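Asker: Right, I'll just put the structure down here and ask away after.
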Amino acid sequence: MKKTVQLLAVTVLSVSLLAGCGGEGGGNSASKDYQLQNVSFPLKEKVTLNFMTQSSPLAPSDPNQKLIYKRLEEKTGVHIDWKNYTSDSFAEKRNLAIASDDLPDAILDAGYSDYELLQLGSDGTIIPLEDLIEKYMPNFKKVLEAAPEYKAMITAPDGHIYSFPWIEELGSGKESIHSVNDFPWINKAWLDKLGLKMPTTTEELKNVLIAFKNNDPNGNGQKDEIPMSFIMNNGNEDMNFLFGSFGLGDNGDHTVVTNDGKVVFTASQDGYKEAIKYFNELYKLNLIDEESFEQDYNTYLAKGQSGRYGLYFQWDKANITGANDNYELMNPLEGPSGETNVTRTNNYGFDRGRMVITQANKNLELTAKWIDQLYDPIQSVQNNWGTYGDETQQNIFKFDEQKKMLVHLPLGDTSPVELRQKTNIGGPLAILDEYYGKYTTKPDDAAWRLQLMKEVMVPHMKQDNNYPKIFFSREEQKELTNIETDLFAYVNRKRAEWIKTGKVDAEWNAYLQELNRLGLEKWLQIKQSGYDKYKK
């Protein structure tokens, strides 16, 4: 998703220039001026604001059918008239609305990159928010006072705040739930059936996968087992985890920070090359699912649900093969050099561009106070996971009236991510670590994952730091985006190509030259400078 947004940035540049020509007060999708002052909820007379948003295909096409929004409307007296698009078409529809100056009052779950925020803020399409926060948003101010680092993270280099963030704290440092996306889940039932031990080295894993392929562990008399599957370059489902056995490893943005503070591009390291050679060996042995290089999530999910995988990658096995004992988390593997490493992602429970207010909005106090409701602790918890008391479907929570606390319910065989997509709202919110035990419990799946992270992954994490969420200047963002568009596409293309062809050694020097031609040296310079400033 991050890469998609980066590719859209150039489009948004031209789109927002068009939008800036519309003049103040443009935007025939915005609500009329209700001339409300000193707003308090619930309003005596209901009014309507016009928002744009995105949602999963699993969710109702009309967001107002969600119980969360029904309760918010009852609480505030504000009806939201939504333009809602499924996530696959949202960015295009959002950009077209801006290009035609058909602006809503606000965009929720906006999906804007830093570059887009700065561009749209500079041309006036979206408005600065710091004064609204100070005057009308006590819930959000409490969050920023409790965790002042977030105020710094949402403040642009020009000093303005252009967006409301999504904040979800679950652990910190190496023990953050986001430290590793792509947990490797190995088929324990097949290991037991074939009398095999859990692999501890890359060589042992290769032999286990060969046994999965040849020895009919599912017992149906057919060679329909898939030894290993993943989705190339797709975050939670990628096999980046395995690169850690060959040096610094790799992650979604090919960026690690060494313990002496040096920013390194992982895809130009010798260890990266050695990992590719190992994957080519697996590929030649027909141990890698051929569809791994192009399959979509639904295809990946369907094969996993049918129990065909020996090893696959996902945030939580419950999302693919269910919360049962058939699959277990595989330990980090010792590589050919005898070292074991778990490479941390640069992910945080933080999204800077989750909601924006457009220049067409004529009801700023009303809008700000409505958005501030989303930062109430009990409300934020529901925004993030889902709600309670819904008689039409399964609930994420029950509400403990005595403790005034949301308690996570057991989900059984239900996929946590699917239920979340059906019932939450994905908007701006803040859940700080201090909320657990006070406003909500930790979800069982998150508590379990945090425990696995601490016990299995953290002992092998060599890097003490990961790359922070730096808010670069517009000029730096533009240069980074221009470089990354071609650089990352080239790296990802060669990765897939080399795994299949095995030509990484022969083409490595030419590859390094091409990385430099595409701007790697300048990219590293900007990244290093940003990191050094951040640490000061």
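Residues are named by chain letter and number: chains run A, B, ... in the order of the structure tokens, numbers start at 1 in each chain, and ligands are numbered from 1 in the order shown.
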Please return, as an MDAnalysis selection string, all residues of stretch 175-380 of chain A that DSSP assigns to helix (DSSP H, G or I) on the basis of the backbone.

Answerer: chainID A and resid 175 188:194 202:214 235:237 240:246 266:268 270:284 290:293 297:305 317:319 364:373 377:380

Asker: Tell me, as an MDAnalysis selection string, which residues lie within 6 Å of stretch 342-346 of chain A, counting only C-alpha atoms; anything in the same chain fewer than 2 positions away does not count.

Answerer: chainID A and resid 179:180 244 249 251 460:461 466:467

Asker: Keeping C-alpha atoms for every residue in the selection just given, could you write it to a file as a PDB file, in the first residue's frame?

Answerer:
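Written file, part-v8.pdb:
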ATOM      1  CA  SER A 179       8.668  -5.260  14.742  1.00  0.00           C
ATOM      2  CA  VAL A 180       8.045  -8.229  12.428  1.00  0.00           C
ATOM      3  CA  GLY A 244      17.620 -12.355   8.189  1.00  0.00           C
ATOM      4  CA  GLY A 249      18.250  -9.050   6.185  1.00  0.00           C
ATOM      5  CA  ASN A 251      12.216  -5.389   5.119  1.00  0.00           C
ATOM      6  CA  HIS A 460      17.614 -12.538  17.717  1.00  0.00           C
ATOM      7  CA  MET A 461      17.091  -8.849  16.805  1.00  0.00           C
ATOM      8  CA  ASN A 466      14.710   1.063  13.256  1.00  0.00           C
ATOM      9  CA  TYR A 467      14.106   3.962  10.880  1.00  0.00           C
TER      10      TYR A 467
END

Asker: Taking into account only C-alpha atoms, which residue in the set A:Ile98, A:Thr266, A:Gln379, A:Asp445 is nearest to A:Asp123?

Answerer: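 The answer is A:Ile98, which sits nearest to A:Asp123.
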
Asker: List the neighbours of stretch 515-517 of chain A out to 12 Å using only C-alpha atoms; skip same-chain residues closer than 5 positions along the sequence, and give me the result as a list in words.

Answerer: Phe265, Thr266, Ala267, Ser268, Gln269, Ile483, Glu484, Asp486, Leu487, Phe488, Ala489, Tyr490, Val491, Asn492, Lys494, Trp508, Asn509, Ala510, Lys522, Trp523 and Leu524 of chain A

Asker: Please produce an output containing N, CA and C atoms for each residue in the selection, written as a short mmCIF file (atom, residue, chain, number, x, y, z; two decimals), in the first residue's frame.

Answerer:
data_model
loop_
_atom_site.label_atom_id
_atom_site.label_comp_id
_atom_site.auth_asym_id
_atom_site.auth_seq_id
_atom_site.Cartn_x
_atom_site.Cartn_y
_atom_site.Cartn_z
N PHE A 265 20.91 0.48 2.78
CA PHE A 265 19.95 -0.04 1.81
C PHE A 265 20.19 -1.54 1.70
N THR A 266 19.26 -2.34 2.20
CA THR A 266 19.49 -3.78 2.35
C THR A 266 19.68 -4.49 1.03
N ALA A 267 19.01 -4.02 -0.02
CA ALA A 267 19.01 -4.75 -1.28
C ALA A 267 20.28 -4.55 -2.09
N SER A 268 21.28 -3.89 -1.51
CA SER A 268 22.58 -3.78 -2.18
C SER A 268 23.68 -4.48 -1.39
N GLN A 269 23.29 -5.23 -0.35
CA GLN A 269 24.27 -5.88 0.51
C GLN A 269 24.58 -7.30 0.02
N ILE A 483 12.90 9.01 -6.72
CA ILE A 483 13.91 7.95 -6.73
C ILE A 483 13.28 6.60 -6.44
N GLU A 484 12.44 6.53 -5.39
CA GLU A 484 11.88 5.25 -4.96
C GLU A 484 10.97 4.62 -6.01
N ASP A 486 11.26 4.36 -9.21
CA ASP A 486 12.02 3.52 -10.13
C ASP A 486 12.93 2.54 -9.38
N LEU A 487 13.52 3.00 -8.29
CA LEU A 487 14.48 2.18 -7.56
C LEU A 487 13.82 0.93 -6.97
N PHE A 488 12.73 1.12 -6.26
CA PHE A 488 12.06 -0.02 -5.64
C PHE A 488 11.48 -0.97 -6.68
N ALA A 489 10.93 -0.42 -7.75
CA ALA A 489 10.38 -1.27 -8.80
C ALA A 489 11.47 -2.13 -9.42
N TYR A 490 12.63 -1.55 -9.62
CA TYR A 490 13.75 -2.30 -10.20
C TYR A 490 14.22 -3.40 -9.24
N VAL A 491 14.38 -3.06 -7.97
CA VAL A 491 14.81 -4.04 -6.97
C VAL A 491 13.82 -5.20 -6.91
N ASN A 492 12.55 -4.90 -6.86
CA ASN A 492 11.54 -5.95 -6.73
C ASN A 492 11.47 -6.83 -7.99
N LYS A 494 14.02 -7.43 -10.08
CA LYS A 494 15.20 -8.27 -10.13
C LYS A 494 15.14 -9.38 -9.08
N TRP A 508 25.22 -9.16 -10.69
CA TRP A 508 25.25 -8.35 -9.47
C TRP A 508 25.95 -7.00 -9.67
N ASN A 509 27.09 -6.98 -10.32
CA ASN A 509 27.81 -5.71 -10.50
C ASN A 509 27.02 -4.74 -11.35
N ALA A 510 26.41 -5.25 -12.40
CA ALA A 510 25.57 -4.38 -13.25
C ALA A 510 24.36 -3.87 -12.47
N LYS A 522 21.97 9.38 -3.62
CA LYS A 522 21.22 10.56 -3.15
C LYS A 522 20.15 10.15 -2.15
N TRP A 523 19.50 9.04 -2.39
CA TRP A 523 18.47 8.52 -1.48
C TRP A 523 19.08 8.26 -0.09
N LEU A 524 20.23 7.61 -0.06
CA LEU A 524 20.89 7.33 1.21
C LEU A 524 21.31 8.63 1.91
#

Asker: So that I can see what lies close to A:Glu175, please list as a ChimeraX atom specification the residues with an atom at most 8 Å from it, counting only C-alpha atoms and leaving out residues fewer than 3 positions away in the same chain.

Answerer: /A:171-172,179,450,453-454,458

Asker: Using only C-alpha atoms for the distances, tell me which of A:Trp166, A:Trp190, A:Trp385, A:Phe313 is nearest to A:Glu225.

Answerer: A:Trp190

Asker: Could you list, with a cut-off of 10 Å and counting only C-alpha atoms, the residues of stretch 95-132 of chain A near stretch 66-84 of chain A, each shown with its nearest atom pair and the distance in Å rounded to one decimal, rows sorted by chain and ascending number, as JSON lines?

Answerer:
{"residue": "A:Pro104", "atom": "CA", "partner": "A:Lys83", "partner_atom": "CA", "distance": 8.6}
{"residue": "A:Ile107", "atom": "CA", "partner": "A:Lys83", "partner_atom": "CA", "distance": 9.4}
{"residue": "A:Leu108", "atom": "CA", "partner": "A:Asn84", "partner_atom": "CA", "distance": 9.8}

Asker: What lies within 7 Å of A:Tyr312 using only C-alpha atoms, ignoring chain neighbours under 5 positions off, as a list of chain:residue names?

Answerer: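 In the requested form, the answer reads A:Pro184, A:Trp185, A:Ile186, A:Met228, A:Ser229, A:Phe230.
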
Asker: Please produce a file of those selected residues containing N, CA, C and O atoms, as a PDB file, in the first residue's frame.

Answerer:
ATOM      1  N   PRO A 184       6.605 -16.460  10.129  1.00  0.00           N
ATOM      2  CA  PRO A 184       6.619 -17.696   9.329  1.00  0.00           C
ATOM      3  C   PRO A 184       5.865 -18.819  10.055  1.00  0.00           C
ATOM      4  O   PRO A 184       6.265 -19.234  11.149  1.00  0.00           O
ATOM      5  N   TRP A 185       4.814 -19.307   9.446  1.00  0.00           N
ATOM      6  CA  TRP A 185       3.998 -20.365  10.062  1.00  0.00           C
ATOM      7  C   TRP A 185       4.264 -21.686   9.354  1.00  0.00           C
ATOM      8  O   TRP A 185       4.032 -21.817   8.148  1.00  0.00           O
ATOM      9  N   ILE A 186       4.762 -22.665  10.112  1.00  0.00           N
ATOM     10  CA  ILE A 186       5.127 -23.961   9.535  1.00  0.00           C
ATOM     11  C   ILE A 186       4.123 -25.014   9.965  1.00  0.00           C
ATOM     12  O   ILE A 186       3.583 -24.977  11.078  1.00  0.00           O
ATOM     13  N   MET A 228       6.176 -24.221   0.195  1.00  0.00           N
ATOM     14  CA  MET A 228       6.288 -22.853   0.712  1.00  0.00           C
ATOM     15  C   MET A 228       5.568 -21.893  -0.215  1.00  0.00           C
ATOM     16  O   MET A 228       5.701 -21.968  -1.436  1.00  0.00           O
ATOM     17  N   SER A 229       4.801 -20.957   0.376  1.00  0.00           N
ATOM     18  CA  SER A 229       4.115 -19.949  -0.417  1.00  0.00           C
ATOM     19  C   SER A 229       4.202 -18.600   0.280  1.00  0.00           C
ATOM     20  O   SER A 229       4.378 -18.518   1.501  1.00  0.00           O
ATOM     21  N   PHE A 230       4.084 -17.550  -0.511  1.00  0.00           N
ATOM     22  CA  PHE A 230       4.124 -16.183  -0.003  1.00  0.00           C
ATOM     23  C   PHE A 230       3.523 -15.285  -1.086  1.00  0.00           C
ATOM     24  O   PHE A 230       3.135 -15.748  -2.162  1.00  0.00           O
TER      25      PHE A 230
END

Asker: As a PDB file with N, CA and C atoms, in the first residue's frame, please: the residues near A:Ala152 (cut-off 10 Å, only C-alpha atoms, same-chain neighbours under 4 positions excluded).

Answerer:
ATOM      1  N   LEU A 144      -1.940  14.292  22.885  1.00  0.00           N
ATOM      2  CA  LEU A 144      -0.661  14.933  22.560  1.00  0.00           C
ATOM      3  C   LEU A 144       0.095  15.354  23.818  1.00  0.00           C
ATOM      4  N   ALA A 147       1.514  11.978  25.238  1.00  0.00           N
ATOM      5  CA  ALA A 147       2.563  11.413  24.378  1.00  0.00           C
ATOM      6  C   ALA A 147       3.036  12.497  23.404  1.00  0.00           C
ATOM      7  N   PRO A 148       3.830  13.454  23.885  1.00  0.00           N
ATOM      8  CA  PRO A 148       4.195  14.618  23.069  1.00  0.00           C
ATOM      9  C   PRO A 148       4.986  14.291  21.811  1.00  0.00           C
ATOM     10  N   ALA A 156       4.403  19.258  10.267  1.00  0.00           N
ATOM     11  CA  ALA A 156       5.157  19.303   9.020  1.00  0.00           C
ATOM     12  C   ALA A 156       6.371  20.216   9.161  1.00  0.00           C
ATOM     13  N   PRO A 157       7.344  20.103   8.261  1.00  0.00           N
ATOM     14  CA  PRO A 157       8.519  20.975   8.322  1.00  0.00           C
ATOM     15  C   PRO A 157       8.188  22.465   8.258  1.00  0.00           C
ATOM     16  N   GLY A 159       5.835  23.792   9.918  1.00  0.00           N
ATOM     17  CA  GLY A 159       5.269  24.157  11.202  1.00  0.00           C
ATOM     18  C   GLY A 159       3.787  23.892  11.349  1.00  0.00           C
ATOM     19  N   ILE A 161       0.160  21.551  11.067  1.00  0.00           N
ATOM     20  CA  ILE A 161      -0.403  20.196  11.167  1.00  0.00           C
ATOM     21  C   ILE A 161      -1.509  20.097  10.124  1.00  0.00           C
ATOM     22  N   ILE A 470      10.020   9.966   9.894  1.00  0.00           N
ATOM     23  CA  ILE A 470      10.496  11.330   9.716  1.00  0.00           C
ATOM     24  C   ILE A 470       9.591  12.074   8.728  1.00  0.00           C
ATOM     25  N   PHE A 471       9.237  13.294   9.091  1.00  0.00           N
ATOM     26  CA  PHE A 471       8.429  14.139   8.205  1.00  0.00           C
ATOM     27  C   PHE A 471       9.393  15.011   7.404  1.00  0.00           C
TER      28      PHE A 471
END

Asker: If we count only C-alpha atoms, what is near A:Leu194 at a cut-off of 8 Å, once residues fewer than 5 positions away on the same chain are taken out, given as a PyMOL selection string?

Answerer: chain A and resi 211+215+217

Asker: Keeping C-alpha atoms for every residue in the selection just given, could you write it to a file as a CSV table (one decimal), in the first residue's frame?

Answerer:
chain,number,residue,atom,x,y,z
A,211,ALA,CA,10.0,-33.9,2.6
A,215,ASN,CA,6.3,-37.7,1.2
A,217,PRO,CA,2.2,-35.5,4.5

Asker: Restricting the calculation to only C-alpha atoms, which member of A:Asn298, A:Ser380, A:Asn395, A:Asn482 is positioned closest to A:Ile167?

Answerer: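 Looking at the shortest contact to A:Ile167, the residue is A:Ser380.
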
Asker: Which residue is closest to A:Leu419? Choose from A:Val143, A:Gln451, A:Leu329, A:Ala318 and count only C-alpha atoms.

Answerer: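 Under the stated criterion, the closest residue is A:Ala318.
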
Asker: Between A:Asp62, A:Gly247, A:Tyr112, A:Tyr162, which one has atoms that come closest to A:Gly124, using only C-alpha atoms?

Answerer: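 For A:Gly124, the nearest of the given residues is A:Tyr162.
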
Asker: Residues of stretch 301-469 of chain A in strand (DSSP E or B) according to DSSP, as JSON, numbers by chain?

Answerer: {"A": [309, 310, 311, 312, 313, 314, 327, 328, 329, 334, 350, 351, 352, 353, 354, 355, 356, 357, 358, 388, 397, 398, 399, 400, 405, 406, 407, 408, 429, 430, 431, 436, 440]}

Asker: Take the residues that were just selected and, keeping N, CA, C and O atoms, output them as a short mmCIF file (atom, residue, chain, number, x, y, z; two decimals), in the first residue's frame.

Answerer:
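Now in out.cif:
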data_model
loop_
_atom_site.label_atom_id
_atom_site.label_comp_id
_atom_site.auth_asym_id
_atom_site.auth_seq_id
_atom_site.Cartn_x
_atom_site.Cartn_y
_atom_site.Cartn_z
N TYR A 309 -0.42 -25.61 2.63
CA TYR A 309 0.90 -25.01 2.81
C TYR A 309 1.74 -25.76 3.84
O TYR A 309 1.26 -26.15 4.91
N GLY A 310 3.03 -25.93 3.49
CA GLY A 310 3.99 -26.41 4.47
C GLY A 310 4.53 -25.25 5.29
O GLY A 310 4.71 -25.34 6.50
N LEU A 311 4.81 -24.12 4.61
CA LEU A 311 5.29 -22.91 5.25
C LEU A 311 4.68 -21.71 4.53
O LEU A 311 4.69 -21.66 3.29
N TYR A 312 4.13 -20.80 5.31
CA TYR A 312 3.61 -19.57 4.70
C TYR A 312 3.85 -18.42 5.67
O TYR A 312 4.31 -18.61 6.80
N PHE A 313 3.54 -17.21 5.22
CA PHE A 313 3.87 -16.01 5.99
C PHE A 313 2.63 -15.15 6.17
O PHE A 313 1.90 -14.89 5.21
N GLN A 314 2.41 -14.71 7.40
CA GLN A 314 1.25 -13.87 7.69
C GLN A 314 1.41 -13.25 9.07
O GLN A 314 2.13 -13.76 9.92
N TYR A 327 -0.52 -25.35 12.75
CA TYR A 327 0.65 -24.55 12.36
C TYR A 327 1.25 -23.91 13.60
O TYR A 327 0.54 -23.48 14.51
N GLU A 328 2.59 -23.82 13.60
CA GLU A 328 3.31 -23.16 14.69
C GLU A 328 4.27 -22.13 14.11
O GLU A 328 4.70 -22.25 12.96
N LEU A 329 4.62 -21.16 14.93
CA LEU A 329 5.60 -20.17 14.51
C LEU A 329 6.98 -20.82 14.42
O LEU A 329 7.45 -21.45 15.36
N GLU A 334 19.34 -20.24 11.65
CA GLU A 334 20.77 -19.99 11.50
C GLU A 334 21.14 -20.12 10.04
O GLU A 334 20.77 -21.09 9.37
N PHE A 350 1.25 3.86 13.65
CA PHE A 350 1.09 5.30 13.42
C PHE A 350 0.89 5.56 11.93
O PHE A 350 1.65 5.06 11.10
N ASP A 351 -0.15 6.32 11.61
CA ASP A 351 -0.39 6.75 10.24
C ASP A 351 -0.68 8.25 10.29
O ASP A 351 -1.66 8.68 10.89
N ARG A 352 0.21 9.02 9.69
CA ARG A 352 0.11 10.47 9.78
C ARG A 352 -1.11 11.03 9.05
O ARG A 352 -1.75 11.95 9.51
N GLY A 353 -1.43 10.48 7.89
CA GLY A 353 -2.43 11.10 7.02
C GLY A 353 -3.79 10.46 7.07
O GLY A 353 -4.41 10.23 6.03
N ARG A 354 -4.33 10.19 8.26
CA ARG A 354 -5.57 9.41 8.36
C ARG A 354 -6.83 10.23 8.06
O ARG A 354 -7.81 9.70 7.55
N MET A 355 -6.83 11.55 8.38
CA MET A 355 -8.01 12.36 8.08
C MET A 355 -7.59 13.80 7.84
O MET A 355 -6.72 14.33 8.53
N VAL A 356 -8.23 14.43 6.87
CA VAL A 356 -7.95 15.83 6.54
C VAL A 356 -9.27 16.59 6.42
O VAL A 356 -10.32 16.01 6.17
N ILE A 357 -9.20 17.90 6.62
CA ILE A 357 -10.33 18.80 6.39
C ILE A 357 -9.99 19.64 5.17
O ILE A 357 -8.89 20.19 5.05
N THR A 358 -10.93 19.78 4.25
CA THR A 358 -10.66 20.51 3.01
C THR A 358 -11.00 21.99 3.16
O THR A 358 -11.75 22.40 4.07
N TYR A 388 -19.53 -3.16 20.38
CA TYR A 388 -20.22 -4.08 21.30
C TYR A 388 -21.73 -3.92 21.10
O TYR A 388 -22.21 -2.93 20.54
N PHE A 397 -16.35 -6.78 21.27
CA PHE A 397 -16.31 -6.44 22.69
C PHE A 397 -17.62 -6.74 23.40
O PHE A 397 -18.69 -6.83 22.78
N LYS A 398 -17.52 -6.79 24.73
CA LYS A 398 -18.66 -6.52 25.60
C LYS A 398 -18.27 -5.31 26.44
O LYS A 398 -17.07 -5.07 26.69
N PHE A 399 -19.27 -4.51 26.85
CA PHE A 399 -18.96 -3.32 27.64
C PHE A 399 -19.26 -3.59 29.10
O PHE A 399 -20.38 -3.93 29.48
N ASP A 400 -18.22 -3.48 29.92
CA ASP A 400 -18.35 -3.69 31.36
C ASP A 400 -18.83 -2.38 31.98
O ASP A 400 -18.06 -1.42 32.13
N MET A 405 -15.44 -0.14 30.78
CA MET A 405 -14.29 -0.69 30.05
C MET A 405 -14.77 -1.65 28.97
O MET A 405 -15.73 -2.40 29.18
N LEU A 406 -14.12 -1.63 27.83
CA LEU A 406 -14.43 -2.55 26.74
C LEU A 406 -13.56 -3.80 26.90
O LEU A 406 -12.34 -3.71 26.97
N VAL A 407 -14.22 -4.95 26.95
CA VAL A 407 -13.54 -6.22 27.17
C VAL A 407 -13.60 -7.04 25.88
O VAL A 407 -14.69 -7.30 25.36
N HIS A 408 -12.45 -7.44 25.38
CA HIS A 408 -12.42 -8.24 24.17
C HIS A 408 -13.08 -9.59 24.41
O HIS A 408 -12.85 -10.24 25.43
N LEU A 429 -7.69 7.98 15.41
CA LEU A 429 -7.89 7.43 16.75
C LEU A 429 -6.56 7.44 17.46
O LEU A 429 -5.50 7.64 16.85
N ALA A 430 -6.62 7.21 18.77
CA ALA A 430 -5.40 7.05 19.56
C ALA A 430 -5.63 6.03 20.64
O ALA A 430 -6.56 6.14 21.43
N ILE A 431 -4.80 4.99 20.64
CA ILE A 431 -4.80 3.99 21.69
C ILE A 431 -3.38 3.92 22.25
O ILE A 431 -2.47 3.43 21.58
N TYR A 436 -4.61 0.14 28.15
CA TYR A 436 -4.90 -1.27 28.41
C TYR A 436 -5.03 -1.49 29.92
O TYR A 436 -4.18 -1.08 30.70
N THR A 440 -9.70 -0.64 28.03
CA THR A 440 -9.92 -1.86 27.26
C THR A 440 -8.91 -2.93 27.67
O THR A 440 -7.91 -2.63 28.35
#

Asker: How far is it from atom CA of A:Lys142 to atom CA of A:Tyr375, in Å with one decimal?

Answerer: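 Computed distance, atom CA of A:Lys142 to atom CA of A:Tyr375, equals 9.1 Å.
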